[in-house]
Structures are given as C-alpha cells and as structure tokens.
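A.B. asks: coords.csv is reproduced below (CSV, C-alpha atoms).
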```csv
chain,number,residue,atom,x,y,z
A,1,MET,CA,-28.5,1.0,45.8
A,2,ASP,CA,-30.0,2.1,49.0
A,3,VAL,CA,-30.2,6.0,49.1
A,4,LYS,CA,-31.4,7.7,52.2
A,5,THR,CA,-32.8,11.1,51.6
A,6,ASN,CA,-32.2,13.5,54.5
A,7,THR,CA,-33.5,16.9,54.0
A,8,ALA,CA,-34.0,17.6,57.7
A,9,LYS,CA,-30.8,19.5,58.3
A,10,ALA,CA,-32.5,22.7,59.4
A,11,ASP,CA,-29.9,25.3,58.5
A,12,PHE,CA,-28.4,23.8,55.4
A,13,PRO,CA,-29.6,25.3,52.1
A,14,GLY,CA,-30.1,22.1,49.9
A,15,GLN,CA,-30.5,18.5,50.2
A,16,VAL,CA,-28.2,15.9,51.5
A,17,HIS,CA,-28.6,12.4,50.2
A,18,GLU,CA,-26.8,9.9,52.3
A,19,THR,CA,-25.5,6.9,50.5
A,20,PRO,CA,-23.4,4.0,51.9
A,21,GLY,CA,-19.9,5.3,52.5
A,22,GLY,CA,-20.6,8.9,51.7
A,23,GLY,CA,-23.3,11.1,50.3
A,24,ILE,CA,-24.5,13.5,47.7
A,25,VAL,CA,-25.2,17.1,48.3
A,26,LEU,CA,-27.7,19.0,46.0
A,27,SER,CA,-27.7,22.7,46.3
A,28,LYS,CA,-26.9,26.0,44.6
A,29,LEU,CA,-23.4,27.3,45.0
A,30,ASP,CA,-24.7,30.8,45.8
A,31,ASP,CA,-26.8,29.4,48.6
A,32,ILE,CA,-23.9,27.5,50.1
A,33,ILE,CA,-21.6,30.6,49.9
A,34,ASN,CA,-24.2,32.7,51.6
A,35,TRP,CA,-24.8,30.1,54.2
A,36,ALA,CA,-21.1,29.8,54.9
A,37,ARG,CA,-20.6,33.6,55.0
A,38,SER,CA,-23.5,34.2,57.3
A,39,ASN,CA,-22.1,31.8,59.9
A,40,SER,CA,-18.8,33.4,60.2
A,41,LEU,CA,-19.2,37.2,60.5
A,42,TRP,CA,-16.4,39.0,62.3
A,43,PRO,CA,-17.4,42.4,63.7
A,44,LEU,CA,-15.1,45.4,63.7
A,45,THR,CA,-14.1,46.8,67.1
A,46,PHE,CA,-15.9,50.1,66.5
A,47,ALA,CA,-17.9,52.0,69.1
A,48,THR,CA,-18.3,55.7,69.5
A,49,SER,CA,-20.4,56.0,72.7
A,50,CYS,CA,-22.6,54.2,75.2
A,51,CYS,CA,-24.0,51.6,72.7
A,52,GLY,CA,-20.4,50.3,72.7
A,53,ILE,CA,-20.8,49.2,76.3
A,54,GLU,CA,-23.9,47.1,75.3
A,55,MET,CA,-22.0,45.8,72.3
A,56,MET,CA,-19.2,44.7,74.6
A,57,SER,CA,-21.8,43.0,76.8
A,58,VAL,CA,-23.1,41.1,73.8
A,59,ALA,CA,-19.5,39.9,73.1
A,60,ALA,CA,-18.9,38.9,76.7
A,61,ALA,CA,-19.7,35.7,78.4
A,62,LYS,CA,-23.4,36.3,79.3
A,63,TYR,CA,-24.7,36.9,75.8
A,64,ASP,CA,-21.7,35.8,73.8
A,65,PHE,CA,-22.2,36.4,70.1
A,66,SER,CA,-19.5,33.9,69.3
A,67,ARG,CA,-22.3,31.3,69.6
A,68,PHE,CA,-23.8,32.5,66.4
A,69,GLY,CA,-20.6,32.9,64.4
A,70,PHE,CA,-19.6,36.5,65.3
A,71,GLU,CA,-16.5,34.7,66.5
A,72,VAL,CA,-14.1,37.5,67.5
A,73,ALA,CA,-14.1,41.2,67.2
A,74,ARG,CA,-11.3,42.4,64.9
A,75,ALA,CA,-9.4,45.5,65.5
A,76,SER,CA,-8.5,46.0,61.8
A,77,PRO,CA,-11.2,46.8,59.2
A,78,ARG,CA,-9.3,44.6,56.7
A,79,GLN,CA,-10.2,41.5,58.8
A,80,ALA,CA,-13.7,42.4,59.6
A,81,ASP,CA,-17.0,41.5,57.8
A,82,VAL,CA,-19.5,43.5,59.7
A,83,ILE,CA,-19.3,47.0,61.2
A,84,ILE,CA,-21.7,47.7,64.2
A,85,ILE,CA,-22.1,51.4,64.4
A,86,ALA,CA,-22.5,51.6,68.1
A,87,GLY,CA,-22.9,55.2,69.0
A,88,THR,CA,-23.2,58.8,67.9
A,89,ILE,CA,-21.5,59.7,64.6
A,90,VAL,CA,-20.4,63.4,64.7
A,91,ASN,CA,-19.4,65.4,61.6
A,92,LYS,CA,-15.7,65.0,62.6
A,93,MET,CA,-16.0,61.2,62.9
A,94,ALA,CA,-18.0,60.8,59.6
A,95,PRO,CA,-14.9,60.7,57.3
A,96,VAL,CA,-13.3,58.2,59.6
A,97,LEU,CA,-16.3,55.9,59.5
A,98,LYS,CA,-16.4,56.2,55.7
A,99,ARG,CA,-12.7,55.3,55.5
A,100,LEU,CA,-13.1,52.3,57.8
A,101,TYR,CA,-16.0,51.1,55.7
A,102,ASP,CA,-14.0,51.5,52.5
A,103,GLN,CA,-11.1,49.6,54.0
A,104,MET,CA,-13.2,46.6,54.8
A,105,ALA,CA,-13.0,43.7,52.4
A,106,ASP,CA,-16.0,42.7,50.4
A,107,PRO,CA,-18.5,41.3,51.3
A,108,LYS,CA,-19.2,43.7,54.1
A,109,TYR,CA,-22.3,44.5,56.1
A,110,VAL,CA,-23.4,47.3,58.4
A,111,ILE,CA,-25.6,47.3,61.5
A,112,ALA,CA,-26.8,50.7,62.8
A,113,MET,CA,-27.1,50.2,66.6
A,114,GLY,CA,-29.3,52.6,68.6
A,115,ALA,CA,-31.0,55.9,68.1
A,116,CYS,CA,-27.9,58.0,67.4
A,117,ALA,CA,-26.8,55.7,64.6
A,118,ILE,CA,-30.3,55.5,63.1
A,119,SER,CA,-31.2,59.2,63.1
A,120,GLY,CA,-29.0,61.2,65.5
A,121,GLY,CA,-31.5,60.3,68.2
A,122,PRO,CA,-31.4,62.6,71.2
A,123,PHE,CA,-29.0,64.9,69.3
A,124,PHE,CA,-31.3,65.4,66.3
A,125,TYR,CA,-32.4,68.9,67.3
A,126,ASN,CA,-30.2,72.0,68.1
A,127,THR,CA,-26.9,70.3,67.5
A,128,TYR,CA,-24.2,71.5,65.2
A,129,SER,CA,-22.0,68.5,65.4
A,130,VAL,CA,-24.0,65.3,65.0
A,131,VAL,CA,-24.7,63.4,61.7
A,132,LYS,CA,-28.5,62.7,61.6
A,133,GLY,CA,-28.2,59.0,60.9
A,134,ALA,CA,-25.1,57.0,60.0
A,135,ASP,CA,-26.8,56.1,56.7
A,136,HIS,CA,-25.9,59.5,55.4
A,137,VAL,CA,-22.4,58.2,55.4
A,138,ILE,CA,-22.4,54.5,54.6
A,139,PRO,CA,-25.3,52.1,53.6
A,140,VAL,CA,-26.9,50.2,56.5
A,141,ASP,CA,-28.3,46.7,56.4
A,142,VAL,CA,-30.0,46.3,59.8
A,143,TYR,CA,-31.2,49.0,62.2
A,144,VAL,CA,-31.6,48.3,65.9
A,145,ALA,CA,-33.9,50.6,67.9
A,146,GLY,CA,-33.1,51.6,71.5
A,147,CYS,CA,-31.1,54.0,73.5
A,148,PRO,CA,-29.1,52.0,74.0
A,149,PRO,CA,-30.7,48.7,72.7
A,150,ARG,CA,-30.7,45.8,75.1
A,151,PRO,CA,-28.1,43.1,74.4
A,152,GLU,CA,-30.9,40.8,73.3
A,153,ALA,CA,-31.9,43.4,70.7
A,154,LEU,CA,-28.4,43.5,69.2
A,155,LEU,CA,-28.2,39.7,69.2
A,156,ASN,CA,-31.6,39.7,67.4
A,157,ALA,CA,-30.2,42.2,64.9
A,158,LEU,CA,-27.1,40.0,64.3
A,159,ILE,CA,-29.3,37.0,63.6
A,160,THR,CA,-31.5,39.1,61.4
A,161,LEU,CA,-28.4,40.0,59.4
A,162,GLN,CA,-27.6,36.4,59.0
A,163,GLN,CA,-31.0,35.6,57.7
A,164,LYS,CA,-30.7,38.6,55.3
A,165,ILE,CA,-27.4,37.2,54.0
A,166,LYS,CA,-28.8,33.8,53.6
A,167,SER,CA,-31.7,35.1,51.5
A,168,GLY,CA,-29.2,37.1,49.4
A,169,LEU,CA,-30.8,40.5,50.1
A,170,THR,CA,-28.2,42.6,51.8
A,171,ARG,CA,-27.0,45.7,50.0
A,172,GLU,CA,-23.7,44.1,49.3
A,173,GLN,CA,-25.4,41.2,47.5
A,174,ILE,CA,-28.0,43.1,45.4
A,175,LYS,CA,-25.7,46.0,44.3
A,176,VAL,CA,-25.2,46.3,40.6
A,177,PRO,CA,-21.5,45.9,39.6
A,178,LYS,CA,-20.0,48.9,38.0
A,179,PRO,CA,-19.2,48.6,34.3
A,180,ASP,CA,-15.5,47.8,33.6
A,181,LYS,CA,-13.4,50.8,32.8
A,182,LYS,CA,-11.9,50.7,29.4
B,1,MET,CA,-11.0,74.2,107.7
B,2,SER,CA,-14.8,74.4,107.6
B,3,GLY,CA,-16.8,76.2,104.9
B,4,GLU,CA,-17.2,79.3,107.2
B,5,GLU,CA,-13.5,79.4,107.9
B,6,LEU,CA,-12.8,79.0,104.2
B,7,LYS,CA,-15.1,82.0,103.5
B,8,ILE,CA,-13.3,84.1,106.2
B,9,LYS,CA,-9.9,83.2,104.7
B,10,ILE,CA,-11.0,84.0,101.2
B,11,THR,CA,-12.6,87.3,102.2
B,12,GLU,CA,-9.2,88.2,103.8
B,13,LEU,CA,-7.5,87.5,100.5
B,14,LEU,CA,-10.0,89.3,98.3
B,15,PRO,CA,-12.4,91.6,100.2
B,16,SER,CA,-14.4,92.4,97.0
B,17,SER,CA,-15.4,88.7,96.5
B,18,THR,CA,-19.0,87.6,97.2
B,19,PHE,CA,-20.3,84.2,97.9
B,20,GLU,CA,-23.1,82.1,96.6
B,21,GLU,CA,-24.3,79.0,98.5
B,22,GLY,CA,-26.7,76.2,98.2
B,23,GLY,CA,-24.8,74.0,95.7
B,24,GLU,CA,-22.4,71.3,96.3
B,25,PHE,CA,-19.4,73.6,96.4
B,26,LEU,CA,-18.7,77.1,97.8
B,27,ASN,CA,-19.1,79.5,94.9
B,28,ILE,CA,-17.0,82.6,94.9
B,29,LEU,CA,-17.9,85.5,92.6
B,30,ILE,CA,-15.1,87.8,91.6
B,31,GLU,CA,-14.2,90.4,89.0
B,32,ALA,CA,-12.1,89.5,86.0
B,33,LYS,CA,-9.4,92.1,86.9
B,34,ASP,CA,-8.8,90.4,90.4
B,35,TRP,CA,-8.4,86.9,88.9
B,36,PRO,CA,-4.7,86.7,88.1
B,37,GLY,CA,-3.6,87.8,91.6
B,38,PHE,CA,-6.4,85.8,93.4
B,39,ALA,CA,-5.5,82.6,91.5
B,40,LYS,CA,-1.9,82.9,92.5
B,41,GLN,CA,-3.0,83.3,96.2
B,42,LEU,CA,-5.3,80.3,96.0
B,43,ARG,CA,-2.6,78.2,94.5
B,44,ASN,CA,0.3,79.3,96.8
B,45,ASP,CA,-1.3,80.0,100.2
B,46,ASP,CA,-0.1,77.4,102.6
B,47,SER,CA,-3.5,76.9,104.3
B,48,LEU,CA,-5.4,76.7,101.0
B,49,PHE,CA,-3.1,75.0,98.5
B,50,PHE,CA,-5.6,74.7,95.6
B,51,ASP,CA,-3.2,72.8,93.4
B,52,TYR,CA,-5.7,71.2,91.0
B,53,LEU,CA,-8.0,72.9,88.5
B,54,PHE,CA,-10.4,70.0,87.7
B,55,CYS,CA,-12.9,71.8,85.5
B,56,LEU,CA,-13.0,75.0,83.6
B,57,THR,CA,-16.1,75.9,81.6
B,58,CYS,CA,-18.3,78.7,80.6
B,59,VAL,CA,-22.0,79.5,80.7
B,60,ASP,CA,-23.9,81.7,78.2
B,61,TRP,CA,-26.7,83.6,79.9
B,62,MET,CA,-27.6,85.6,76.8
B,63,THR,CA,-27.0,88.8,78.8
B,64,HIS,CA,-23.5,87.9,79.8
B,65,LEU,CA,-21.0,85.0,80.1
B,66,THR,CA,-19.9,83.3,83.3
B,67,LEU,CA,-16.6,81.6,83.5
B,68,VAL,CA,-16.6,78.7,86.0
B,69,TYR,CA,-13.4,77.4,87.5
B,70,HIS,CA,-13.6,74.3,89.8
B,71,LEU,CA,-10.6,74.0,92.1
B,72,THR,CA,-9.6,71.4,94.6
B,73,SER,CA,-6.8,71.0,97.1
B,74,THR,CA,-5.3,67.6,97.0
B,75,LYS,CA,-3.7,68.3,100.4
B,76,PHE,CA,-6.7,69.4,102.3
B,77,ARG,CA,-9.6,68.2,100.1
B,78,TYR,CA,-11.4,71.5,99.8
B,79,ASN,CA,-13.4,72.2,96.7
B,80,ILE,CA,-14.3,75.7,95.6
B,81,VAL,CA,-15.9,77.2,92.5
B,82,VAL,CA,-14.7,80.5,91.2
B,83,LYS,CA,-17.1,82.4,88.9
B,84,ILE,CA,-16.2,85.4,86.8
B,85,LYS,CA,-18.8,87.4,85.0
B,86,LEU,CA,-17.8,88.6,81.5
B,87,GLU,CA,-19.3,90.9,78.9
B,88,ARG,CA,-20.6,89.1,75.8
B,89,GLU,CA,-18.9,91.5,73.5
B,90,ASN,CA,-15.1,91.0,73.6
B,91,PRO,CA,-14.9,88.8,76.7
B,92,GLU,CA,-11.3,88.8,77.9
B,93,VAL,CA,-9.7,87.4,81.0
B,94,GLU,CA,-6.1,86.7,82.0
B,95,THR,CA,-4.9,83.1,81.5
B,96,VAL,CA,-4.1,80.8,84.5
B,97,SER,CA,-2.3,78.2,82.4
B,98,HIS,CA,1.0,79.1,84.1
B,99,ILE,CA,-0.5,78.4,87.5
B,100,TRP,CA,-2.4,75.2,86.5
B,101,ARG,CA,-1.0,73.6,83.4
B,102,THR,CA,-4.3,71.8,82.7
B,103,ALA,CA,-5.9,75.2,82.0
B,104,GLU,CA,-3.9,75.4,78.8
B,105,PHE,CA,-6.3,73.1,76.9
B,106,HIS,CA,-9.4,73.9,79.0
B,107,GLU,CA,-8.9,77.6,78.0
B,108,ARG,CA,-8.5,76.6,74.4
B,109,GLU,CA,-11.9,74.7,74.6
B,110,VAL,CA,-13.7,77.7,76.1
B,111,TYR,CA,-12.1,79.9,73.5
B,112,GLU,CA,-13.3,77.9,70.6
B,113,MET,CA,-16.8,77.2,72.0
B,114,PHE,CA,-17.6,80.6,73.6
B,115,GLY,CA,-15.0,83.0,72.1
B,116,VAL,CA,-13.5,84.0,75.4
B,117,ILE,CA,-10.0,85.5,74.8
B,118,PHE,CA,-7.5,84.3,77.4
B,119,LEU,CA,-4.8,87.0,77.6
B,120,ASN,CA,-1.2,85.8,77.5
B,121,HIS,CA,-2.2,82.2,76.8
B,122,PRO,CA,0.8,80.5,75.2
B,123,ASP,CA,-1.1,78.8,72.3
B,124,LEU,CA,-4.7,80.0,72.0
B,125,ARG,CA,-6.1,78.1,69.0
B,126,LEU,CA,-8.9,75.7,68.3
B,127,LEU,CA,-8.8,72.5,70.4
B,128,ILE,CA,-11.5,70.1,69.1
B,129,LEU,CA,-13.2,71.9,66.3
B,130,PRO,CA,-11.8,71.4,62.8
B,131,ASP,CA,-10.2,74.2,60.8
B,132,GLY,CA,-12.6,76.9,59.6
B,133,TRP,CA,-14.5,77.2,62.9
B,134,GLU,CA,-12.7,80.2,64.1
B,135,GLY,CA,-15.1,82.9,65.2
B,136,LYS,CA,-18.3,80.8,65.2
B,137,PHE,CA,-18.6,79.9,68.9
B,138,PRO,CA,-21.1,76.9,68.7
B,139,LEU,CA,-21.9,76.7,72.4
B,140,ARG,CA,-23.3,80.3,72.5
B,141,LYS,CA,-27.1,80.3,72.8
B,142,ASP,CA,-27.6,82.4,69.6
B,143,PHE,CA,-25.3,80.2,67.4
B,144,GLU,CA,-27.0,79.3,64.2
B,145,ASP,CA,-25.8,76.7,61.6
B,146,PRO,CA,-28.4,76.2,58.9
B,147,VAL,CA,-26.5,73.4,57.3
B,148,ASN,CA,-26.0,71.1,60.2
B,149,MET,CA,-28.5,72.2,62.8
B,150,ILE,CA,-32.3,71.5,63.0
B,151,ARG,CA,-34.0,74.0,65.3
B,152,LEU,CA,-36.8,72.8,67.5
```
Take the structure I supplied and represent it as structure tokens, if you would.

C.D. replies:
Amino acid sequence: MDVKTNTAKADFPGQVHETPGGGIVLSKLDDIINWARSNSLWPLTFATSCCGIEMMSVAAAKYDFSRFGFEVARASPRQADVIIIAGTIVNKMAPVLKRLYDQMADPKYVIAMGACAISGGPFFYNTYSVVKGADHVIPVDVYVAGCPPRPEALLNALITLQQKIKSGLTREQIKVPKPDKK
Amino acid sequence: MSGEELKIKITELLPSSTFEEGGEFLNILIEAKDWPGFAKQLRNDDSLFFDYLFCLTCVDWMTHLTLVYHLTSTKFRYNIVVKIKLERENPEVETVSHIWRTAEFHEREVYEMFGVIFLNHPDLRLLILPDGWEGKFPLRKDFEDPVNMIRL
C-alpha cells in the first residue's frame, strides 16, 4: 500500500499519514485538545479604562483578532474563555472581577493588559483606591506592557497565550486538582 | 454681555464679591454666608440665567478648602466659576441642590471626599465610596491609608 507521510502541516500537533481514500492521524489527545482550544478563544467583553479602547481596536476591522481565533467577544462570562483585564482595577471593582472569573467555565485564561492591570501603573503611589496589580485578585497567564499597549502588542499577547496553551503550560493546565471531598 | 459687563452686573448683585482673572473662566470669590442668596440670583436673573451647574468640586490647600462651582447659561452661553473659601475644621455651606438638581449628587461626592457638610441637603450620604468610609475624606491632602496606600 502506498502511504504518503505528510508531517508538514505547520500548526498541527502530530503526524498525518495520507493513504488512498483517507488517512491516518498520529498524535496525543492532549495535544489535539490544546490545539483545538487555542484556536477558538472567545474573550469576555471586559474593560475598565483606556486599555479597553485599544482592545476594541484589536477587535475591529484593522487588527481583527478574529483572524487568530478570538472569534467574538462574549458579553457573558459563562460563554467566554479568556478575560482581558483592560484597565485599572480599583478596590471596589476587585470583587466583581473575581466573581466574573469564577463564573467563567473551565478552561479559562487571563491576560493582564497595560500598566494598571500589571501593577497599578500610574496609580501605584499615593492612591487609596487602586489594586496594585490584578494578579492580587485572579491568576494571570500573560502580561502586556504599555500604557496603553499598542494593538499589535495585545495581538502578540493573544498569540503568546495560544502558544502557551499549545505547550500545556497555562495556570489552568498545570494546576493540581483538589482532592475529592468525602 | 462681555466679561466686563458681567463683572459689573455681578458686583451690583453682590458688592462684597471679588474677581480673579487669567483663567479660562471669570472667577468670582465669595463668602459662604452669601452663597444661598447669590446662587438664587444667578439662577433667576433674566440677564444672567445660569441654569446649568456643570461641575462642582473642592480643592484642599492644607490651610483651607475651596469649593469650586462651574456655572453656565444655556441661553446666553456665559460661563463663570464661583469659589468659596472654607475652614478645614467643620466646613459647612448651604446646599444648592434645590436650585440646580445636579448638585444633589455632586455635593454628596464633595461630602464623602472632603468632608464638607452641605446644610439642608435632602440626602447627604456616601456616593461612590463603599460603606465604612464615613469620616475618612480620602481626597484631603493629609489622608493616610496604611493598608491600601503606598506613599512616595
């Protein structure tokens, strides 16, 4: 039987052996699941300040994150896979952010966009109201520097997140499951 | 009415007022006790008709507080700023929420951030700050919060 071996499919994790009338795929299920998940990540419509404008720009026609699988921003945390923390998190907003994160279905991922979400940024000193980094509230997978970051930077962060998912190294993927309650 | 005419008109209404110029708007400095009557005149005078209070805020100068009212006349398109100097201890001023309804929540904000008491306000309580922030006044310069604040 004539078996063609085609391993040149750049993105696919595994080997595709094409045979007459069909083919055989050799891969690990985990890899395929990660590959599939990484290419369909729906962000949550969540923005608390000016980074949100850049995030909208990335969603709009010129940058268009749909091209990379961030198909459509969802207005409900129950339908979203990734939350982009686009803006300042204040003490009053922190419980809301935590609740939104908790309401998202597993697997879920977090991008901290801009200086405020990373560390409080320009509001680090002499402010009574700002959380000094969103990672005090929820775990973050990818950080994007900038104030606000350029749309290209966010796009790069989104692609970085995809690579992280494919390599199985996001917090969601490496977390140790809690022992069953008895 | 030009700026000069506006000044003459306002001096007629309240002879004790003084002016401060150089900024975008004409600044009028008055005493807290004159404010309720003066506000009514600004609102109801046919040639002034300041019907819109578009900003109400406060400045902490450490030595004293200054209340800043930005007023505009939608009919004549005049803008003025009224400033009232207040003591830092027990700052009190009459409310203008019955003249400009928007002052109702602006005054609540100044109350929670600076601790200015607006006398006869219908509902003077915290606006944005969560419960438990009564009496802390976070926008005063000497405010300290060792838990949430990192001093530079």

A.B. asks: I need the residue nearest chain B from this list: A:Ile24, A:Leu29, A:Val82, A:Val131. Use all atoms listed in the file for the distance.

C.D. replies: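 Distance minimum relative to chain B lands on A:Val131.
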
A.B. asks: Please compute the atom CA of B:Glu89-atom CA of B:Arg140 distance, one decimal, in Å.

C.D. replies: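 One can read the atom CA of B:Glu89 to atom CA of B:Arg140 distance as 12.1 Å.
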
A.B. asks: Tell me the residues of chain A close to chain B, meaning within 8 Å using all atoms listed in the file, as a list in words.

C.D. replies: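 Only these qualify: Lys92, Phe124, Tyr125, Asn126, Thr127, Tyr128, Ser129, Val130 and Val131 of chain A.
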
A.B. asks: Atom CA of A:Pro148 and atom CA of A:Gln103 are how many Å apart?

C.D. replies: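 Distance reported for this atom pair: 27.0 Å.
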
A.B. asks: What lies within 7 Å of B:Pro36 using only C-alpha atoms, ignoring chain neighbours under 3 positions off, as a list in words?

C.D. replies: Ala39, Lys40, Glu94 and Val96 of chain B
